[in-house]
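What follows is the content of model32.cif, which has mmCIF, N, CA and C atoms:
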data_coords
#
loop_
_atom_site.label_atom_id
_atom_site.label_comp_id
_atom_site.auth_asym_id
_atom_site.auth_seq_id
_atom_site.Cartn_x
_atom_site.Cartn_y
_atom_site.Cartn_z
N MET A 16 -150.51 -4.48 61.69
CA MET A 16 -151.74 -4.10 61.04
C MET A 16 -151.79 -2.59 60.93
N ARG A 17 -152.34 -2.12 59.83
CA ARG A 17 -152.54 -0.69 59.66
C ARG A 17 -153.79 -0.46 58.83
N ASP A 18 -154.38 0.68 59.04
CA ASP A 18 -155.56 1.04 58.25
C ASP A 18 -155.13 1.33 56.82
N VAL A 19 -155.92 0.88 55.88
CA VAL A 19 -155.64 1.11 54.46
C VAL A 19 -156.88 1.71 53.82
N ILE A 20 -156.68 2.75 53.07
CA ILE A 20 -157.76 3.35 52.30
C ILE A 20 -157.67 2.80 50.89
N PRO A 21 -158.75 2.22 50.36
CA PRO A 21 -158.71 1.67 49.01
C PRO A 21 -158.22 2.72 48.00
N VAL A 22 -157.33 2.32 47.13
CA VAL A 22 -156.72 3.26 46.18
C VAL A 22 -157.76 3.94 45.30
N MET A 23 -158.84 3.25 44.97
CA MET A 23 -159.85 3.84 44.10
C MET A 23 -160.83 4.73 44.88
N SER A 24 -160.60 4.88 46.19
CA SER A 24 -161.36 5.84 46.99
C SER A 24 -160.66 7.20 47.02
N SER A 25 -159.48 7.27 46.43
CA SER A 25 -158.73 8.52 46.39
C SER A 25 -159.49 9.56 45.56
N PRO A 26 -159.57 10.80 46.04
CA PRO A 26 -160.27 11.83 45.28
C PRO A 26 -159.47 12.25 44.05
N VAL A 27 -160.19 12.51 42.97
CA VAL A 27 -159.54 12.95 41.73
C VAL A 27 -160.19 14.26 41.27
N THR A 28 -159.36 15.10 40.70
CA THR A 28 -159.82 16.38 40.16
C THR A 28 -159.13 16.62 38.82
N PHE A 29 -159.94 16.94 37.81
CA PHE A 29 -159.41 17.31 36.50
C PHE A 29 -160.48 18.09 35.76
N PRO A 30 -160.07 19.01 34.87
CA PRO A 30 -161.04 19.88 34.21
C PRO A 30 -161.90 19.13 33.19
N VAL A 31 -163.09 19.66 32.98
CA VAL A 31 -163.99 19.10 31.96
C VAL A 31 -163.37 19.36 30.60
N ALA A 32 -163.29 18.31 29.81
CA ALA A 32 -162.77 18.42 28.44
C ALA A 32 -163.13 17.16 27.69
N GLU A 33 -163.17 17.26 26.36
CA GLU A 33 -163.36 16.07 25.54
C GLU A 33 -161.99 15.42 25.36
N ARG A 34 -161.92 14.14 25.69
CA ARG A 34 -160.66 13.41 25.60
C ARG A 34 -160.93 12.01 25.07
N ASP A 35 -159.85 11.37 24.66
CA ASP A 35 -159.90 9.97 24.31
C ASP A 35 -160.33 9.21 25.57
N ALA A 36 -161.30 8.31 25.46
CA ALA A 36 -161.85 7.62 26.63
C ALA A 36 -160.79 6.81 27.37
N ILE A 37 -159.95 6.11 26.65
CA ILE A 37 -158.90 5.31 27.30
C ILE A 37 -157.91 6.21 28.02
N ALA A 38 -157.53 7.32 27.40
CA ALA A 38 -156.62 8.27 28.05
C ALA A 38 -157.27 8.88 29.29
N THR A 39 -158.57 9.12 29.24
CA THR A 39 -159.28 9.67 30.40
C THR A 39 -159.25 8.68 31.55
N LEU A 40 -159.47 7.42 31.25
CA LEU A 40 -159.42 6.40 32.30
C LEU A 40 -158.02 6.31 32.90
N GLN A 41 -156.99 6.38 32.08
CA GLN A 41 -155.63 6.35 32.60
C GLN A 41 -155.34 7.61 33.42
N MET A 42 -155.91 8.74 33.01
CA MET A 42 -155.73 9.98 33.76
C MET A 42 -156.36 9.85 35.16
N ILE A 43 -157.54 9.22 35.24
CA ILE A 43 -158.18 8.98 36.53
C ILE A 43 -157.30 8.06 37.37
N ALA A 44 -156.78 7.00 36.76
CA ALA A 44 -155.91 6.07 37.48
C ALA A 44 -154.65 6.77 37.96
N ASP A 45 -154.06 7.62 37.12
CA ASP A 45 -152.84 8.35 37.51
C ASP A 45 -153.13 9.31 38.67
N ALA A 46 -154.27 9.99 38.61
CA ALA A 46 -154.62 10.93 39.68
C ALA A 46 -154.86 10.20 41.00
N ALA A 47 -155.56 9.07 40.95
CA ALA A 47 -155.80 8.28 42.16
C ALA A 47 -154.49 7.72 42.69
N GLY A 48 -153.64 7.25 41.79
CA GLY A 48 -152.35 6.72 42.20
C GLY A 48 -151.47 7.77 42.84
N LYS A 49 -151.50 8.97 42.29
CA LYS A 49 -150.71 10.07 42.86
C LYS A 49 -151.18 10.39 44.28
N GLN A 50 -152.51 10.44 44.47
CA GLN A 50 -153.08 10.70 45.80
C GLN A 50 -152.70 9.61 46.79
N ALA A 51 -152.69 8.36 46.31
CA ALA A 51 -152.44 7.21 47.19
C ALA A 51 -150.96 6.85 47.28
N GLY A 52 -150.14 7.48 46.44
CA GLY A 52 -148.73 7.13 46.42
C GLY A 52 -148.49 5.76 45.82
N ALA A 53 -149.25 5.44 44.78
CA ALA A 53 -149.17 4.12 44.15
C ALA A 53 -149.19 4.26 42.63
N LYS A 54 -148.79 3.20 41.96
CA LYS A 54 -148.83 3.15 40.50
C LYS A 54 -150.05 2.31 40.09
N ILE A 55 -150.88 2.87 39.18
CA ILE A 55 -152.07 2.16 38.71
C ILE A 55 -152.01 2.10 37.18
N LEU A 56 -152.05 0.89 36.66
CA LEU A 56 -152.07 0.70 35.20
C LEU A 56 -153.45 0.21 34.79
N VAL A 57 -153.95 0.74 33.70
CA VAL A 57 -155.26 0.33 33.17
C VAL A 57 -155.04 -0.85 32.24
N LEU A 58 -155.80 -1.91 32.46
CA LEU A 58 -155.70 -3.09 31.60
C LEU A 58 -156.90 -3.21 30.68
N ASN A 59 -158.05 -3.55 31.22
CA ASN A 59 -159.25 -3.76 30.41
C ASN A 59 -160.12 -2.51 30.43
N VAL A 60 -160.63 -2.15 29.27
CA VAL A 60 -161.48 -0.97 29.16
C VAL A 60 -162.73 -1.30 28.34
N PRO A 61 -163.85 -0.64 28.63
CA PRO A 61 -165.08 -0.90 27.90
C PRO A 61 -165.29 0.03 26.71
N PHE A 62 -164.22 0.57 26.15
CA PHE A 62 -164.32 1.56 25.08
C PHE A 62 -163.75 1.02 23.78
N TRP A 63 -164.20 1.64 22.70
CA TRP A 63 -163.54 1.43 21.42
C TRP A 63 -162.24 2.22 21.46
N GLU A 64 -161.30 1.87 20.65
CA GLU A 64 -159.97 2.47 20.70
C GLU A 64 -159.99 3.99 20.58
N ARG A 65 -160.81 4.54 19.72
CA ARG A 65 -160.80 5.99 19.51
C ARG A 65 -162.05 6.68 20.05
N GLU A 66 -162.77 6.03 20.94
CA GLU A 66 -163.98 6.61 21.52
C GLU A 66 -163.61 7.83 22.36
N LYS A 67 -164.42 8.89 22.25
CA LYS A 67 -164.20 10.14 22.99
C LYS A 67 -165.29 10.31 24.04
N ILE A 68 -164.92 10.92 25.17
CA ILE A 68 -165.90 11.29 26.19
C ILE A 68 -165.55 12.68 26.70
N THR A 69 -166.56 13.37 27.20
CA THR A 69 -166.36 14.69 27.82
C THR A 69 -166.63 14.51 29.31
N LEU A 70 -165.62 14.78 30.12
CA LEU A 70 -165.72 14.49 31.54
C LEU A 70 -164.78 15.37 32.35
N GLY A 71 -165.17 15.65 33.57
CA GLY A 71 -164.34 16.36 34.54
C GLY A 71 -164.69 15.84 35.92
N ALA A 72 -163.84 16.09 36.89
CA ALA A 72 -164.10 15.65 38.27
C ALA A 72 -163.60 16.72 39.23
N THR A 73 -164.31 16.84 40.34
CA THR A 73 -163.97 17.86 41.34
C THR A 73 -163.86 17.24 42.72
N GLY A 74 -162.95 16.29 42.87
CA GLY A 74 -162.70 15.70 44.18
C GLY A 74 -163.51 14.48 44.51
N GLN A 75 -164.21 13.90 43.55
CA GLN A 75 -164.94 12.66 43.81
C GLN A 75 -163.96 11.49 43.88
N PRO A 76 -164.34 10.40 44.58
CA PRO A 76 -163.50 9.21 44.59
C PRO A 76 -163.35 8.66 43.16
N ALA A 77 -162.16 8.18 42.84
CA ALA A 77 -161.87 7.69 41.49
C ALA A 77 -162.86 6.61 41.06
N GLY A 78 -163.16 5.68 41.95
CA GLY A 78 -164.10 4.61 41.61
C GLY A 78 -165.48 5.13 41.27
N GLU A 79 -165.91 6.16 42.00
CA GLU A 79 -167.21 6.77 41.74
C GLU A 79 -167.23 7.45 40.37
N VAL A 80 -166.15 8.12 40.02
CA VAL A 80 -166.06 8.78 38.70
C VAL A 80 -166.17 7.73 37.60
N ILE A 81 -165.50 6.60 37.80
CA ILE A 81 -165.55 5.54 36.79
C ILE A 81 -166.95 4.97 36.66
N VAL A 82 -167.52 4.54 37.77
CA VAL A 82 -168.81 3.85 37.74
C VAL A 82 -169.94 4.78 37.34
N GLU A 83 -170.01 5.95 37.98
CA GLU A 83 -171.14 6.84 37.72
C GLU A 83 -170.94 7.71 36.49
N SER A 84 -169.87 8.45 36.45
CA SER A 84 -169.69 9.42 35.37
C SER A 84 -169.36 8.75 34.04
N ILE A 85 -168.40 7.85 34.03
CA ILE A 85 -168.05 7.21 32.75
C ILE A 85 -169.19 6.33 32.28
N GLY A 86 -169.86 5.63 33.20
CA GLY A 86 -171.01 4.81 32.82
C GLY A 86 -172.08 5.62 32.13
N LYS A 87 -172.35 6.82 32.67
CA LYS A 87 -173.35 7.69 32.04
C LYS A 87 -172.85 8.21 30.70
N MET A 88 -171.57 8.55 30.62
CA MET A 88 -171.02 9.10 29.38
C MET A 88 -171.11 8.11 28.22
N ILE A 89 -170.85 6.83 28.51
CA ILE A 89 -170.88 5.84 27.43
C ILE A 89 -172.23 5.13 27.34
N ASN A 90 -173.17 5.54 28.23
CA ASN A 90 -174.52 5.01 28.24
C ASN A 90 -174.55 3.49 28.42
N ARG A 91 -173.64 3.00 29.25
CA ARG A 91 -173.57 1.58 29.59
C ARG A 91 -173.15 1.46 31.05
N PRO A 92 -173.77 0.59 31.83
CA PRO A 92 -173.32 0.44 33.22
C PRO A 92 -171.95 -0.24 33.25
N VAL A 93 -171.06 0.28 34.08
CA VAL A 93 -169.72 -0.29 34.19
C VAL A 93 -169.39 -0.62 35.64
N SER A 94 -168.44 -1.49 35.79
CA SER A 94 -167.91 -1.88 37.09
C SER A 94 -166.40 -1.91 36.97
N PHE A 95 -165.71 -1.81 38.11
CA PHE A 95 -164.26 -1.88 38.04
C PHE A 95 -163.70 -2.83 39.09
N GLN A 96 -162.49 -3.25 38.85
CA GLN A 96 -161.76 -4.11 39.75
C GLN A 96 -160.33 -3.60 39.74
N CYS A 97 -159.76 -3.38 40.91
CA CYS A 97 -158.40 -2.87 41.00
C CYS A 97 -157.59 -3.87 41.82
N LEU A 98 -156.71 -4.58 41.17
CA LEU A 98 -155.93 -5.64 41.81
C LEU A 98 -154.50 -5.17 42.05
N TYR A 99 -153.91 -5.63 43.14
CA TYR A 99 -152.56 -5.21 43.51
C TYR A 99 -151.59 -6.37 43.35
N ASP A 100 -150.46 -6.10 42.70
CA ASP A 100 -149.39 -7.08 42.56
C ASP A 100 -148.25 -6.67 43.48
N VAL A 101 -147.97 -7.47 44.48
CA VAL A 101 -146.97 -7.14 45.48
C VAL A 101 -145.57 -7.04 44.86
N ARG A 102 -145.24 -7.94 43.96
CA ARG A 102 -143.89 -7.95 43.38
C ARG A 102 -143.57 -6.66 42.62
N SER A 103 -144.52 -6.22 41.81
CA SER A 103 -144.27 -5.01 41.01
C SER A 103 -144.72 -3.75 41.75
N LYS A 104 -145.39 -3.92 42.89
CA LYS A 104 -145.93 -2.80 43.66
C LYS A 104 -146.80 -1.91 42.79
N THR A 105 -147.66 -2.56 42.02
CA THR A 105 -148.51 -1.88 41.05
C THR A 105 -149.94 -2.37 41.17
N TYR A 106 -150.88 -1.45 41.03
CA TYR A 106 -152.30 -1.81 40.94
C TYR A 106 -152.64 -1.95 39.45
N TYR A 107 -153.54 -2.87 39.16
CA TYR A 107 -154.01 -3.08 37.79
C TYR A 107 -155.53 -2.88 37.79
N LEU A 108 -155.97 -1.95 36.96
CA LEU A 108 -157.37 -1.56 36.91
C LEU A 108 -158.06 -2.19 35.71
N ASN A 109 -159.14 -2.88 35.98
CA ASN A 109 -159.99 -3.46 34.94
C ASN A 109 -161.36 -2.82 35.02
N VAL A 110 -161.86 -2.31 33.92
CA VAL A 110 -163.19 -1.73 33.86
C VAL A 110 -163.98 -2.54 32.84
N THR A 111 -165.15 -3.01 33.25
CA THR A 111 -165.96 -3.85 32.36
C THR A 111 -167.40 -3.35 32.33
N ILE A 112 -168.07 -3.69 31.27
CA ILE A 112 -169.50 -3.38 31.13
C ILE A 112 -170.28 -4.41 31.94
N VAL A 113 -171.28 -3.93 32.66
CA VAL A 113 -172.13 -4.80 33.46
C VAL A 113 -173.39 -5.09 32.67
N ALA A 114 -173.81 -6.34 32.70
CA ALA A 114 -175.04 -6.69 32.00
C ALA A 114 -176.20 -5.92 32.61
N ALA A 115 -177.00 -5.35 31.77
CA ALA A 115 -178.15 -4.57 32.25
C ALA A 115 -179.21 -5.49 32.83
N ASP A 116 -180.01 -4.95 33.73
CA ASP A 116 -181.12 -5.72 34.29
C ASP A 116 -182.11 -6.03 33.17
N PRO A 117 -182.78 -7.19 33.27
CA PRO A 117 -183.77 -7.50 32.24
C PRO A 117 -184.93 -6.52 32.32
N PRO A 118 -185.62 -6.30 31.21
CA PRO A 118 -186.76 -5.37 31.22
C PRO A 118 -187.82 -5.83 32.22
N PRO A 119 -188.60 -4.87 32.76
CA PRO A 119 -189.66 -5.23 33.70
C PRO A 119 -190.60 -6.26 33.08
N GLY A 120 -191.04 -7.19 33.89
CA GLY A 120 -191.97 -8.22 33.40
C GLY A 120 -191.28 -9.43 32.83
N THR A 121 -189.95 -9.38 32.69
CA THR A 121 -189.22 -10.53 32.16
C THR A 121 -189.14 -11.58 33.25
N THR A 122 -189.43 -12.81 32.89
CA THR A 122 -189.38 -13.89 33.87
C THR A 122 -188.16 -14.77 33.63
N VAL A 123 -187.71 -15.41 34.69
CA VAL A 123 -186.59 -16.33 34.59
C VAL A 123 -187.13 -17.62 33.99
N PRO A 124 -186.43 -18.20 33.00
CA PRO A 124 -186.90 -19.46 32.43
C PRO A 124 -187.07 -20.52 33.52
N PRO A 125 -188.02 -21.44 33.37
CA PRO A 125 -188.30 -22.40 34.44
C PRO A 125 -187.13 -23.32 34.77
N ASN A 126 -186.22 -23.55 33.86
CA ASN A 126 -185.12 -24.47 34.15
C ASN A 126 -183.95 -23.79 34.86
N VAL A 127 -184.04 -22.49 35.12
CA VAL A 127 -182.99 -21.78 35.84
C VAL A 127 -183.49 -21.52 37.26
N PRO A 128 -182.80 -22.10 38.26
CA PRO A 128 -183.28 -21.91 39.63
C PRO A 128 -183.09 -20.48 40.10
N LYS A 129 -184.02 -20.02 40.92
CA LYS A 129 -183.90 -18.69 41.52
C LYS A 129 -183.19 -18.85 42.85
N LEU A 130 -182.01 -18.26 42.99
CA LEU A 130 -181.25 -18.36 44.22
C LEU A 130 -181.48 -17.11 45.04
N GLY A 131 -181.74 -17.29 46.32
CA GLY A 131 -181.95 -16.15 47.21
C GLY A 131 -180.63 -15.55 47.64
N PRO A 132 -180.69 -14.43 48.37
CA PRO A 132 -179.47 -13.76 48.79
C PRO A 132 -178.63 -14.57 49.76
N HIS A 133 -179.24 -15.56 50.44
CA HIS A 133 -178.48 -16.36 51.40
C HIS A 133 -178.18 -17.75 50.86
N SER A 134 -178.37 -17.95 49.59
CA SER A 134 -178.07 -19.24 49.00
C SER A 134 -176.57 -19.35 48.77
N GLY A 135 -176.03 -20.44 49.15
CA GLY A 135 -174.60 -20.67 48.94
C GLY A 135 -174.39 -21.71 47.87
N PRO A 136 -173.16 -22.10 47.65
CA PRO A 136 -172.87 -23.08 46.60
C PRO A 136 -173.58 -24.41 46.84
N ALA A 137 -173.78 -24.78 48.11
CA ALA A 137 -174.44 -26.05 48.39
C ALA A 137 -175.88 -26.06 47.89
N ASN A 138 -176.49 -24.90 47.72
CA ASN A 138 -177.86 -24.82 47.24
C ASN A 138 -177.94 -24.70 45.72
N SER A 139 -176.81 -24.65 45.07
CA SER A 139 -176.78 -24.50 43.63
C SER A 139 -176.95 -25.86 42.95
N PRO A 140 -177.69 -25.92 41.85
CA PRO A 140 -177.83 -27.19 41.14
C PRO A 140 -176.51 -27.63 40.48
N TRP A 141 -175.53 -26.74 40.40
CA TRP A 141 -174.25 -27.08 39.78
C TRP A 141 -173.21 -27.51 40.81
N PHE A 142 -173.56 -27.48 42.08
CA PHE A 142 -172.64 -27.85 43.15
C PHE A 142 -172.69 -29.34 43.39
N ARG A 143 -171.55 -30.00 43.41
CA ARG A 143 -171.47 -31.41 43.73
C ARG A 143 -170.39 -31.60 44.78
N GLN A 144 -170.75 -32.19 45.87
CA GLN A 144 -169.77 -32.45 46.93
C GLN A 144 -169.20 -33.84 46.71
N THR A 145 -167.89 -33.93 46.70
CA THR A 145 -167.23 -35.22 46.55
C THR A 145 -166.53 -35.58 47.85
N GLN A 146 -166.39 -36.86 48.08
CA GLN A 146 -165.73 -37.28 49.31
C GLN A 146 -164.48 -38.04 49.03
#
Before we go any further, please render this structure as structure tokens.
Amino acid sequence: MRDVIPVMSSPVTFPVAERDAIATLQMIADAAGKQAGAKILVLNVPFWEREKITLGATGQPAGEVIVESIGKMINRPVSFQCLYDVRSKTYYLNVTIVAADPPPGTTVPPNVPKLGPHSGPANSPWFRQTQ
């Protein structure tokens, strides 16, 4: 056993500039990979092919730059997932848009159950236990 620091917790630094959004995301992945001694490839992105963003980083964790800075730049909340493939010794980064919270005052339709934070699959109306 050994302690492992998540690859997307690696600090990244790059100057503020307007760049292609996809290239910027790959630059963040490359910087985090270099810090962690790993290869990170970007797979899914929440951008249009030629979308531009203006961004820089000064030692923030790569994941934070993606979620906070890129989310603000594209005016959409984003989330990321970084998966590791042992055979290729490569991380694969997926960045997706997160559904926004419903506007205040919006109610859940009556036919959709409200599940609490401690509700598990057994409490779900879609869960069926077979024997």
Requested in this report: Apply the PyMOL selection byres (((chain A and resi 73-82 and name CA) around 6) and name CA) to the displayed file and report the matching residues as a PyMOL selection string.
Outcome: chain A and resi 23-28+72+83-86+93-94
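Backbone DSSP over stretch 48-98 of chain A gives strand (DSSP E) for A:Lys54, A:Ile55, A:Leu56, A:Val57, A:Leu58, A:Asn59, A:Lys67, A:Ile68, A:Thr69, A:Leu70, A:Gly71, A:Ala72, A:Thr73, A:Gly74, A:Gln75, A:Pro76, A:Val93, A:Ser94, A:Phe95, A:Gln96, A:Cys97, A:Leu98.
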Go ahead and save the residues from that selection, with N, CA and C atoms, as a compact mmCIF listing (two decimals), in the frame of the given file.
# COMPACT_ATOMS: atom_id res chain seq x y z
N LYS A 54 -148.79 3.20 41.96
CA LYS A 54 -148.83 3.15 40.50
C LYS A 54 -150.05 2.31 40.09
N ILE A 55 -150.88 2.87 39.18
CA ILE A 55 -152.07 2.16 38.71
C ILE A 55 -152.01 2.10 37.18
N LEU A 56 -152.05 0.89 36.66
CA LEU A 56 -152.07 0.70 35.20
C LEU A 56 -153.45 0.21 34.79
N VAL A 57 -153.95 0.74 33.70
CA VAL A 57 -155.26 0.33 33.17
C VAL A 57 -155.04 -0.85 32.24
N LEU A 58 -155.80 -1.91 32.46
CA LEU A 58 -155.70 -3.09 31.60
C LEU A 58 -156.90 -3.21 30.68
N ASN A 59 -158.05 -3.55 31.22
CA ASN A 59 -159.25 -3.76 30.41
C ASN A 59 -160.12 -2.51 30.43
N LYS A 67 -164.42 8.89 22.25
CA LYS A 67 -164.20 10.14 22.99
C LYS A 67 -165.29 10.31 24.04
N ILE A 68 -164.92 10.92 25.17
CA ILE A 68 -165.90 11.29 26.19
C ILE A 68 -165.55 12.68 26.70
N THR A 69 -166.56 13.37 27.20
CA THR A 69 -166.36 14.69 27.82
C THR A 69 -166.63 14.51 29.31
N LEU A 70 -165.62 14.78 30.12
CA LEU A 70 -165.72 14.49 31.54
C LEU A 70 -164.78 15.37 32.35
N GLY A 71 -165.17 15.65 33.57
CA GLY A 71 -164.34 16.36 34.54
C GLY A 71 -164.69 15.84 35.92
N ALA A 72 -163.84 16.09 36.89
CA ALA A 72 -164.10 15.65 38.27
C ALA A 72 -163.60 16.72 39.23
N THR A 73 -164.31 16.84 40.34
CA THR A 73 -163.97 17.86 41.34
C THR A 73 -163.86 17.24 42.72
N GLY A 74 -162.95 16.29 42.87
CA GLY A 74 -162.70 15.70 44.18
C GLY A 74 -163.51 14.48 44.51
N GLN A 75 -164.21 13.90 43.55
CA GLN A 75 -164.94 12.66 43.81
C GLN A 75 -163.96 11.49 43.88
N PRO A 76 -164.34 10.40 44.58
CA PRO A 76 -163.50 9.21 44.59
C PRO A 76 -163.35 8.66 43.16
N VAL A 93 -171.06 0.28 34.08
CA VAL A 93 -169.72 -0.29 34.19
C VAL A 93 -169.39 -0.62 35.64
N SER A 94 -168.44 -1.49 35.79
CA SER A 94 -167.91 -1.88 37.09
C SER A 94 -166.40 -1.91 36.97
N PHE A 95 -165.71 -1.81 38.11
CA PHE A 95 -164.26 -1.88 38.04
C PHE A 95 -163.70 -2.83 39.09
N GLN A 96 -162.49 -3.25 38.85
CA GLN A 96 -161.76 -4.11 39.75
C GLN A 96 -160.33 -3.60 39.74
N CYS A 97 -159.76 -3.38 40.91
CA CYS A 97 -158.40 -2.87 41.00
C CYS A 97 -157.59 -3.87 41.82
N LEU A 98 -156.71 -4.58 41.17
CA LEU A 98 -155.93 -5.64 41.81
C LEU A 98 -154.50 -5.17 42.05
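The shell of residues at most 7 Å from stretch 53-68 of chain A, with all atoms listed in the file counted and near chain neighbours (fewer than 2 positions) removed, consists of A:Ala32, A:Glu33, A:Arg34, A:Asp35, A:Ala36, A:Ile37, A:Leu40, A:Gln41, A:Ala44, A:Asp45, A:Ala47, A:Gly48, A:Lys49, A:Gln50, A:Ala51, A:Leu70, A:Met88, A:Lys104, A:Thr105, A:Tyr106, A:Tyr107, A:Leu108, A:Asn109, A:Val110, A:Thr111, A:Ile112.
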Requested in this report: Could you please determine the separation between atom CA of A:Asn90 and atom C of A:Pro118 in Å, to one decimal place?
Outcome: 17.6 Å
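Taking atom CA of A:Tyr99 and atom CA of A:Val22 as the two end points, the separation is 9.8 Å.
For the set A:Arg91, A:Gly52, A:Asp100, A:Met42, the residue with the smallest atom-to-atom gap to A:Val113 is A:Arg91, counting all atoms listed in the file.
Rounded to one decimal, atom C of A:Pro92 and atom CA of A:Ala114 lie 7.3 Å from each other.
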